[in-house]
Structures are given as structure tokens and as C-alpha cells.
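Just below is one structure, and these are the notes that go with it.
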Amino acid sequence: MPDSNLPGTDLLKTVLEPLLEDFQYWFTRSRDLLETEQLSFMSNQEQSDLLCRVKRAQEELNTAKMLFSATDGQVGVDMATLMPWHQLVTECWKVAMRFRQTPGV
């Protein structure tokens, strides 16, 4: 069994664990907005598509978090997985900002 006191493991726990928590937080907030509000600047289909992508990312994230926990922080997440999550969070931030700037909201 690998030594859980290796510097790489500490680095993963220090960097990756909070990053995964941040993704969880922003995906949850985005999902809540998309499920509870009708966004006047998006078509129903656009809003539904974005919600589906957030749900799919949450499922992927939950799997990554389970693997990270099950291996006691010994497993990282590939950048090819993280980058689409980052892009999706950025897209959701833009939608949320636009929603807050919409008159009458």
C-alpha cells in the first residue's frame, strides 16, 4: 500500500480537495438557479441544456470525490476533466451575473 505521508499526497489533499469542494458549491448554486428561476434571456431549451450539463458535471464530480476519498487522497483528477468543469462554472457565473442584472429580479 502506498505511503499516505508522501509529499504528493499532501499536495493533492491541500490543492485538490478544496478545489473539488468549490466545484460542488458552484454546481449546486447553479443547479438551484436553473431549477427555480425562468431566465428571460435564455430560451427554455438553452436553460434546460445548461441544467443538464451541470447535472452531468455534478455526477462526474461526485465520482471523482468518491475515488479521492476511497483512496485517502492518493488519486488526482486529470486536467482534461477539470477544464470542462472550470469552463462550465465560468459559464454559470456569467448566467448568474446576467440574471442579477436583469431588471425586476
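Chain labels run A, B, ... following the order of the C-alpha cells; each chain numbers its residues from 1, and ligands are numbered from 1 in the order shown.
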**Study point:** In chain A, DSSP helix (DSSP H, G or I) residues written as a ChimeraX atom specification
**Key:** /A:7-36,44-70,79-101
Review point. How far is it from CA of Thr9 (chain A) to CA of Val89 (chain A), in Å with one decimal?
Key: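 These atoms are spaced 26.1 Å apart.
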Review point. Quick one: residues within 9 Å of Ser40 (chain A), only C-alpha atoms counted, chain neighbours fewer than 2 positions away excluded, as a PyMOL selection string?
Key: chain A and resi 38+42-44+99+102
Practice item. For region 67-83 of chain A, work out the shell of residues within 8 Å, counting only C-alpha atoms and skipping chain neighbours fewer than 4 positions away, then give it as a PyMOL selection string. Key: chain A and resi 4+9+12-13+16+63+87
Preceding selection exported with N, CA, C and O atoms as a tab-separated table (two decimals), in the first residue's frame:
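That gives us part05.tsv:
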chain	number	residue	atom	x	y	z
A	4	SER	N	0.81	7.10	2.69
A	4	SER	CA	-0.07	8.27	2.63
A	4	SER	C	0.61	9.53	3.15
A	4	SER	O	0.01	10.59	3.14
A	9	THR	N	0.84	13.31	-1.88
A	9	THR	CA	-0.46	13.09	-1.26
A	9	THR	C	-0.90	14.34	-0.49
A	9	THR	O	-2.05	14.76	-0.58
A	12	LEU	N	-1.95	16.92	-3.01
A	12	LEU	CA	-3.28	16.62	-3.56
A	12	LEU	C	-4.37	17.01	-2.57
A	12	LEU	O	-5.37	17.62	-2.94
A	13	LYS	N	-4.18	16.66	-1.31
A	13	LYS	CA	-5.19	16.99	-0.30
A	13	LYS	C	-5.30	18.50	-0.10
A	13	LYS	O	-6.39	19.03	0.09
A	16	LEU	N	-6.32	19.78	-4.27
A	16	LEU	CA	-7.45	19.16	-4.98
A	16	LEU	C	-8.72	19.11	-4.13
A	16	LEU	O	-9.81	19.39	-4.63
A	63	THR	N	-18.31	11.29	-8.51
A	63	THR	CA	-17.48	10.11	-8.74
A	63	THR	C	-16.02	10.40	-8.40
A	63	THR	O	-15.37	9.61	-7.71
A	87	GLN	N	-14.76	25.57	-17.19
A	87	GLN	CA	-15.47	26.32	-18.23
A	87	GLN	C	-16.96	26.39	-17.94
A	87	GLN	O	-17.60	27.43	-18.15
Review point. Which residue out of A:Leu33, A:Asn62, A:Glu46, A:Trp26 has the minimum interatomic distance to Thr90 (chain A) when only C-alpha atoms are used?
Key: A:Trp26
**Study point:** A:Lys65, A:Asp32, A:Ala57, A:Phe41 ranked by distance to Pro18 (chain A), top pick (using only C-alpha atoms)
**Key:**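 When distances to Pro18 (chain A) are compared using only C-alpha atoms, the smallest one comes from A:Lys65.
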Review point. When distances are computed from only C-alpha atoms, which of A:Thr14, A:Gln101, A:Ser30, A:Gln24 shows the smallest separation from Gln47 (chain A)?
Key: A:Ser30
Practice item. Kindly give the distance, in Å, that separates CA of Val54 (chain A) and CA of Arg31 (chain A), rounded to a single decimal. Key: 6.5 Å
Review point. Expressed in Å to a single decimal, how great is the separation between CA of Met97 (chain A) and CA of Leu61 (chain A)?
Key: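 Computing it gives 23.7 Å between the two atoms.
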